[in-house]
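Colleague: The following file, my_file_32.csv, comprises CSV, N, CA and C atoms:
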chain,number,residue,atom,x,y,z
P,1,MET,N,213.0,175.7,141.3
P,1,MET,CA,213.0,176.3,142.6
P,1,MET,C,214.3,177.1,142.8
P,2,ARG,N,214.2,178.3,143.4
P,2,ARG,CA,215.4,179.1,143.6
P,2,ARG,C,215.9,178.8,145.0
P,3,THR,N,217.2,178.8,145.1
P,3,THR,CA,217.9,178.6,146.4
P,3,THR,C,219.0,179.7,146.6
P,4,THR,N,219.4,179.8,147.8
P,4,THR,CA,220.5,180.7,148.1
P,4,THR,C,221.3,180.0,149.3
P,5,GLN,N,222.6,180.2,149.3
P,5,GLN,CA,223.4,179.6,150.3
P,5,GLN,C,223.8,180.7,151.3
P,6,ILE,N,223.7,180.4,152.6
P,6,ILE,CA,224.0,181.3,153.7
P,6,ILE,C,225.3,180.7,154.4
P,7,GLU,N,226.3,181.5,154.2
P,7,GLU,CA,227.6,181.1,154.9
P,7,GLU,C,227.6,181.7,156.3
P,8,LEU,N,227.7,180.8,157.3
P,8,LEU,CA,227.7,181.3,158.7
P,8,LEU,C,229.1,181.9,159.0
P,9,LYS,N,229.0,183.0,159.7
P,9,LYS,CA,230.3,183.6,160.2
P,9,LYS,C,230.7,182.9,161.4
P,10,TYR,N,229.8,182.3,162.1
P,10,TYR,CA,230.0,181.6,163.4
P,10,TYR,C,229.3,180.2,163.3
P,11,PRO,N,230.0,179.2,162.7
P,11,PRO,CA,229.3,177.9,162.6
P,11,PRO,C,228.9,177.3,163.9
P,12,VAL,N,227.9,176.5,163.9
P,12,VAL,CA,227.3,175.9,165.1
P,12,VAL,C,227.3,174.4,164.9
P,13,THR,N,227.3,173.7,166.0
P,13,THR,CA,227.2,172.2,166.0
P,13,THR,C,226.0,171.8,166.8
P,14,VAL,N,225.1,171.0,166.1
P,14,VAL,CA,223.9,170.6,166.8
P,14,VAL,C,223.8,169.1,166.5
P,15,ASP,N,223.6,168.3,167.6
P,15,ASP,CA,223.5,166.8,167.5
P,15,ASP,C,224.7,166.2,166.7
P,16,GLY,N,225.9,166.7,166.9
P,16,GLY,CA,227.1,166.2,166.3
P,16,GLY,C,227.3,166.6,164.8
P,17,HIS,N,226.4,167.5,164.3
P,17,HIS,CA,226.6,167.9,162.9
P,17,HIS,C,227.0,169.4,162.9
P,18,GLU,N,228.1,169.7,162.2
P,18,GLU,CA,228.5,171.1,162.2
P,18,GLU,C,227.9,171.8,161.0
P,19,TYR,N,227.3,173.0,161.2
P,19,TYR,CA,226.7,173.7,160.1
P,19,TYR,C,227.5,174.9,159.8
P,20,ASN,N,228.1,175.0,158.6
P,20,ASN,CA,228.9,176.1,158.1
P,20,ASN,C,228.2,176.9,157.1
P,21,ILE,N,227.5,176.1,156.2
P,21,ILE,CA,226.8,176.7,155.1
P,21,ILE,C,225.4,176.1,155.1
P,22,ILE,N,224.3,176.9,155.0
P,22,ILE,CA,223.0,176.4,155.0
P,22,ILE,C,222.3,176.9,153.8
P,23,THR,N,221.6,176.0,153.1
P,23,THR,CA,220.9,176.4,151.9
P,23,THR,C,219.4,176.7,152.2
P,24,MET,N,218.9,177.8,151.7
P,24,MET,CA,217.5,178.2,151.9
P,24,MET,C,216.9,178.2,150.5
P,25,ARG,N,215.7,177.6,150.4
P,25,ARG,CA,215.0,177.6,149.2
P,25,ARG,C,213.9,178.6,149.2
P,26,SER,N,213.4,179.0,148.0
P,26,SER,CA,212.3,180.0,148.0
P,26,SER,C,211.1,179.5,148.6
P,27,PRO,N,210.3,180.4,149.3
P,27,PRO,CA,209.1,180.0,150.0
P,27,PRO,C,207.9,179.8,149.1
P,28,LYS,N,207.0,178.9,149.6
P,28,LYS,CA,205.8,178.7,148.9
P,28,LYS,C,204.7,179.0,149.9
P,29,VAL,N,203.5,179.2,149.4
P,29,VAL,CA,202.3,179.5,150.2
P,29,VAL,C,202.2,178.4,151.3
P,30,ARG,N,202.4,177.2,151.0
P,30,ARG,CA,202.2,176.1,152.0
P,30,ARG,C,203.2,176.3,153.2
P,31,ASP,N,204.4,176.8,152.9
P,31,ASP,CA,205.4,177.1,153.9
P,31,ASP,C,204.9,178.1,154.9
P,32,GLN,N,204.3,179.1,154.4
P,32,GLN,CA,203.7,180.2,155.2
P,32,GLN,C,202.5,179.6,156.1
P,33,LEU,N,201.7,178.8,155.5
P,33,LEU,CA,200.6,178.2,156.2
P,33,LEU,C,201.0,177.3,157.3
P,34,ILE,N,202.1,176.5,157.0
P,34,ILE,CA,202.6,175.6,158.1
P,34,ILE,C,203.1,176.4,159.2
P,35,ALA,N,203.9,177.4,158.9
P,35,ALA,CA,204.5,178.3,160.0
P,35,ALA,C,203.4,179.0,160.8
P,36,GLN,N,202.4,179.4,160.2
P,36,GLN,CA,201.3,180.1,160.9
P,36,GLN,C,200.6,179.2,162.0
P,37,LYS,N,200.7,177.9,161.8
P,37,LYS,CA,200.1,177.0,162.8
P,37,LYS,C,200.9,176.9,164.1
P,38,THR,N,202.1,177.5,164.1
P,38,THR,CA,202.9,177.4,165.3
P,38,THR,C,202.5,178.5,166.3
P,39,GLY,N,203.3,178.8,167.3
P,39,GLY,CA,203.0,179.8,168.3
P,39,GLY,C,203.0,181.2,167.8
P,40,GLY,N,203.7,182.0,168.6
P,40,GLY,CA,203.7,183.5,168.3
P,40,GLY,C,204.6,183.8,167.1
P,41,LYS,N,204.9,185.1,166.9
P,41,LYS,CA,205.6,185.5,165.7
P,41,LYS,C,207.0,184.9,165.6
P,42,GLU,N,207.7,184.9,166.8
P,42,GLU,CA,209.1,184.4,166.8
P,42,GLU,C,209.1,182.9,166.4
P,43,GLU,N,208.2,182.1,167.0
P,43,GLU,CA,208.1,180.7,166.7
P,43,GLU,C,207.8,180.5,165.3
P,44,MET,N,206.9,181.3,164.7
P,44,MET,CA,206.4,181.2,163.4
P,44,MET,C,207.6,181.4,162.4
P,45,GLU,N,208.4,182.4,162.7
P,45,GLU,CA,209.6,182.7,161.9
P,45,GLU,C,210.6,181.6,162.0
P,46,LEU,N,210.9,181.1,163.1
P,46,LEU,CA,211.8,179.9,163.3
P,46,LEU,C,211.4,178.7,162.5
P,47,THR,N,210.1,178.4,162.6
P,47,THR,CA,209.5,177.3,161.9
P,47,THR,C,209.6,177.5,160.4
P,48,LEU,N,209.3,178.7,159.9
P,48,LEU,CA,209.4,179.0,158.5
P,48,LEU,C,210.8,178.8,158.0
P,49,PHE,N,211.8,179.4,158.6
P,49,PHE,CA,213.2,179.4,158.2
P,49,PHE,C,213.7,178.0,158.3
P,50,ALA,N,213.4,177.2,159.3
P,50,ALA,CA,213.9,175.8,159.5
P,50,ALA,C,213.3,175.0,158.3
P,51,ASN,N,212.0,175.2,158.0
P,51,ASN,CA,211.4,174.4,156.9
P,51,ASN,C,212.0,174.8,155.6
P,52,LEU,N,212.3,176.0,155.3
P,52,LEU,CA,212.9,176.5,154.0
P,52,LEU,C,214.3,175.9,153.9
P,53,CYS,N,215.0,175.7,155.0
P,53,CYS,CA,216.4,175.3,155.0
P,53,CYS,C,216.5,173.8,155.3
P,54,GLU,N,215.4,173.1,155.6
P,54,GLU,CA,215.4,171.7,155.9
P,54,GLU,C,216.4,171.3,157.0
P,55,ILE,N,216.3,172.1,158.1
P,55,ILE,CA,217.1,171.9,159.2
P,55,ILE,C,216.3,171.9,160.5
P,56,PRO,N,216.7,171.4,161.6
P,56,PRO,CA,216.0,171.5,162.8
P,56,PRO,C,215.9,172.9,163.4
P,57,VAL,N,214.9,173.3,164.0
P,57,VAL,CA,214.8,174.6,164.6
P,57,VAL,C,215.9,174.8,165.6
P,58,ALA,N,216.4,173.8,166.2
P,58,ALA,CA,217.5,173.9,167.2
P,58,ALA,C,218.7,174.5,166.6
P,59,VAL,N,219.0,174.3,165.3
P,59,VAL,CA,220.1,174.9,164.6
P,59,VAL,C,220.0,176.4,164.6
P,60,LEU,N,218.8,176.9,164.3
P,60,LEU,CA,218.6,178.4,164.2
P,60,LEU,C,218.7,179.0,165.6
P,61,GLU,N,218.2,178.2,166.6
P,61,GLU,CA,218.3,178.7,168.0
P,61,GLU,C,219.7,178.9,168.5
P,62,GLU,N,220.6,178.2,167.9
P,62,GLU,CA,222.0,178.2,168.4
P,62,GLU,C,222.8,179.3,167.6
P,63,LEU,N,222.3,179.9,166.6
P,63,LEU,CA,223.0,180.9,165.8
P,63,LEU,C,223.2,182.2,166.6
P,64,GLU,N,224.3,182.8,166.3
P,64,GLU,CA,224.5,184.2,166.7
P,64,GLU,C,223.6,185.1,165.9
P,65,ILE,N,223.2,186.2,166.5
P,65,ILE,CA,222.3,187.1,165.8
P,65,ILE,C,222.8,187.6,164.5
P,66,ALA,N,224.1,187.8,164.4
P,66,ALA,CA,224.7,188.3,163.1
P,66,ALA,C,224.4,187.3,162.0
P,67,ASP,N,224.5,186.0,162.3
P,67,ASP,CA,224.2,184.9,161.3
P,67,ASP,C,222.7,184.8,161.1
P,68,TYR,N,221.9,184.9,162.2
P,68,TYR,CA,220.5,184.8,162.0
P,68,TYR,C,219.9,185.9,161.1
P,69,ASN,N,220.5,187.1,161.2
P,69,ASN,CA,220.1,188.2,160.4
P,69,ASN,C,220.2,187.9,158.9
P,70,GLN,N,221.2,187.1,158.5
P,70,GLN,CA,221.4,186.7,157.1
P,70,GLN,C,220.2,185.9,156.6
P,71,PHE,N,219.5,185.2,157.5
P,71,PHE,CA,218.3,184.5,157.1
P,71,PHE,C,217.2,185.4,156.7
P,72,HIS,N,217.1,186.5,157.5
P,72,HIS,CA,216.1,187.5,157.2
P,72,HIS,C,216.3,188.1,155.8
P,73,THR,N,217.6,188.5,155.6
P,73,THR,CA,218.0,189.1,154.3
P,73,THR,C,217.6,188.1,153.1
P,74,ALA,N,218.0,186.9,153.3
P,74,ALA,CA,217.8,185.9,152.2
P,74,ALA,C,216.3,185.7,152.0
P,75,TYR,N,215.5,185.7,153.0
P,75,TYR,CA,214.1,185.5,152.9
P,75,TYR,C,213.5,186.7,152.2
P,76,GLN,N,213.9,187.9,152.6
P,76,GLN,CA,213.4,189.1,151.9
P,76,GLN,C,213.7,189.2,150.5
P,77,ASP,N,214.9,188.7,150.1
P,77,ASP,CA,215.4,188.7,148.7
P,77,ASP,C,214.4,187.8,147.9
P,78,PHE,N,214.0,186.7,148.5
P,78,PHE,CA,213.0,185.8,147.8
P,78,PHE,C,211.7,186.5,147.5
P,79,LEU,N,211.3,187.4,148.4
P,79,LEU,CA,210.0,188.0,148.3
P,79,LEU,C,210.0,189.2,147.3
P,80,SER,N,211.2,189.7,147.0
P,80,SER,CA,211.2,190.9,146.1
P,80,SER,C,211.4,190.5,144.6
What does the file become when written as structure tokens?

Modeller:
Amino acid sequence: MRTTQIELKYPVTVDGHEYNIITMRSPKVRDQLIAQKTGGKEEMELTLFANLCEIPVAVLEELEIADYNQFHTAYQDFLS
């Protein structure tokens, strides 16, 4: 399984745990299927990224956009 580490420019704390570096693993078909069962496009993406990183969705919701964009880049890198 391939992984990549995402170093947050602006770390966040959720439920007493500080997140500085988050590891994302390569996606599988089942990850996409699980995410598609959630709400709209935004919720689907949050669910997918949270699942790939094994973190609560709340962590992603607290990120600044500059950091969240790093998740898009990492995900796209896995697809190419």

Colleague: Using CA of Thr3 (chain P) and CA of Ser26 (chain P) as the two end points, give the distance in Å to one decimal.

Modeller: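 Going from CA of Thr3 (chain P) over to CA of Ser26 (chain P), I get 6.0 Å.
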
Colleague: Separation of atom C of Glu61 (chain P) and CA of Tyr75 (chain P), in Å?

Modeller: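 Taking atom C of Glu61 (chain P) and CA of Tyr75 (chain P), their separation equals 17.8 Å.
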
Colleague: Near Ala58 (chain P), within 10 Å and counting only C-alpha atoms, which residues show up once chain neighbours fewer than 3 positions away are dropped, as a ChimeraX atom specification?

Modeller: /P:13-15,46,50,55,61-63

Colleague: Those residues you just picked out, can you put them in a file as a tab-separated table (two decimals), in the coordinates of the input with N, CA and C atoms?

Modeller:
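New file part-v2.tsv:
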chain	number	residue	atom	x	y	z
P	13	THR	N	227.30	173.70	166.00
P	13	THR	CA	227.20	172.20	166.00
P	13	THR	C	226.00	171.80	166.80
P	14	VAL	N	225.10	171.00	166.10
P	14	VAL	CA	223.90	170.60	166.80
P	14	VAL	C	223.80	169.10	166.50
P	15	ASP	N	223.60	168.30	167.60
P	15	ASP	CA	223.50	166.80	167.50
P	15	ASP	C	224.70	166.20	166.70
P	46	LEU	N	210.90	181.10	163.10
P	46	LEU	CA	211.80	179.90	163.30
P	46	LEU	C	211.40	178.70	162.50
P	50	ALA	N	213.40	177.20	159.30
P	50	ALA	CA	213.90	175.80	159.50
P	50	ALA	C	213.30	175.00	158.30
P	55	ILE	N	216.30	172.10	158.10
P	55	ILE	CA	217.10	171.90	159.20
P	55	ILE	C	216.30	171.90	160.50
P	61	GLU	N	218.20	178.20	166.60
P	61	GLU	CA	218.30	178.70	168.00
P	61	GLU	C	219.70	178.90	168.50
P	62	GLU	N	220.60	178.20	167.90
P	62	GLU	CA	222.00	178.20	168.40
P	62	GLU	C	222.80	179.30	167.60
P	63	LEU	N	222.30	179.90	166.60
P	63	LEU	CA	223.00	180.90	165.80
P	63	LEU	C	223.20	182.20	166.60

Colleague: Considering only C-alpha atoms, state which residue in the set P:Asp31, P:Glu64, P:Arg25, P:Phe49 is at the smallest distance from Pro11 (chain P).

Modeller: P:Glu64

Colleague: Do you have the CA of Pro27 (chain P)-CA of Val12 (chain P) distance handy?

Modeller: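 The value is 24.0 Å.
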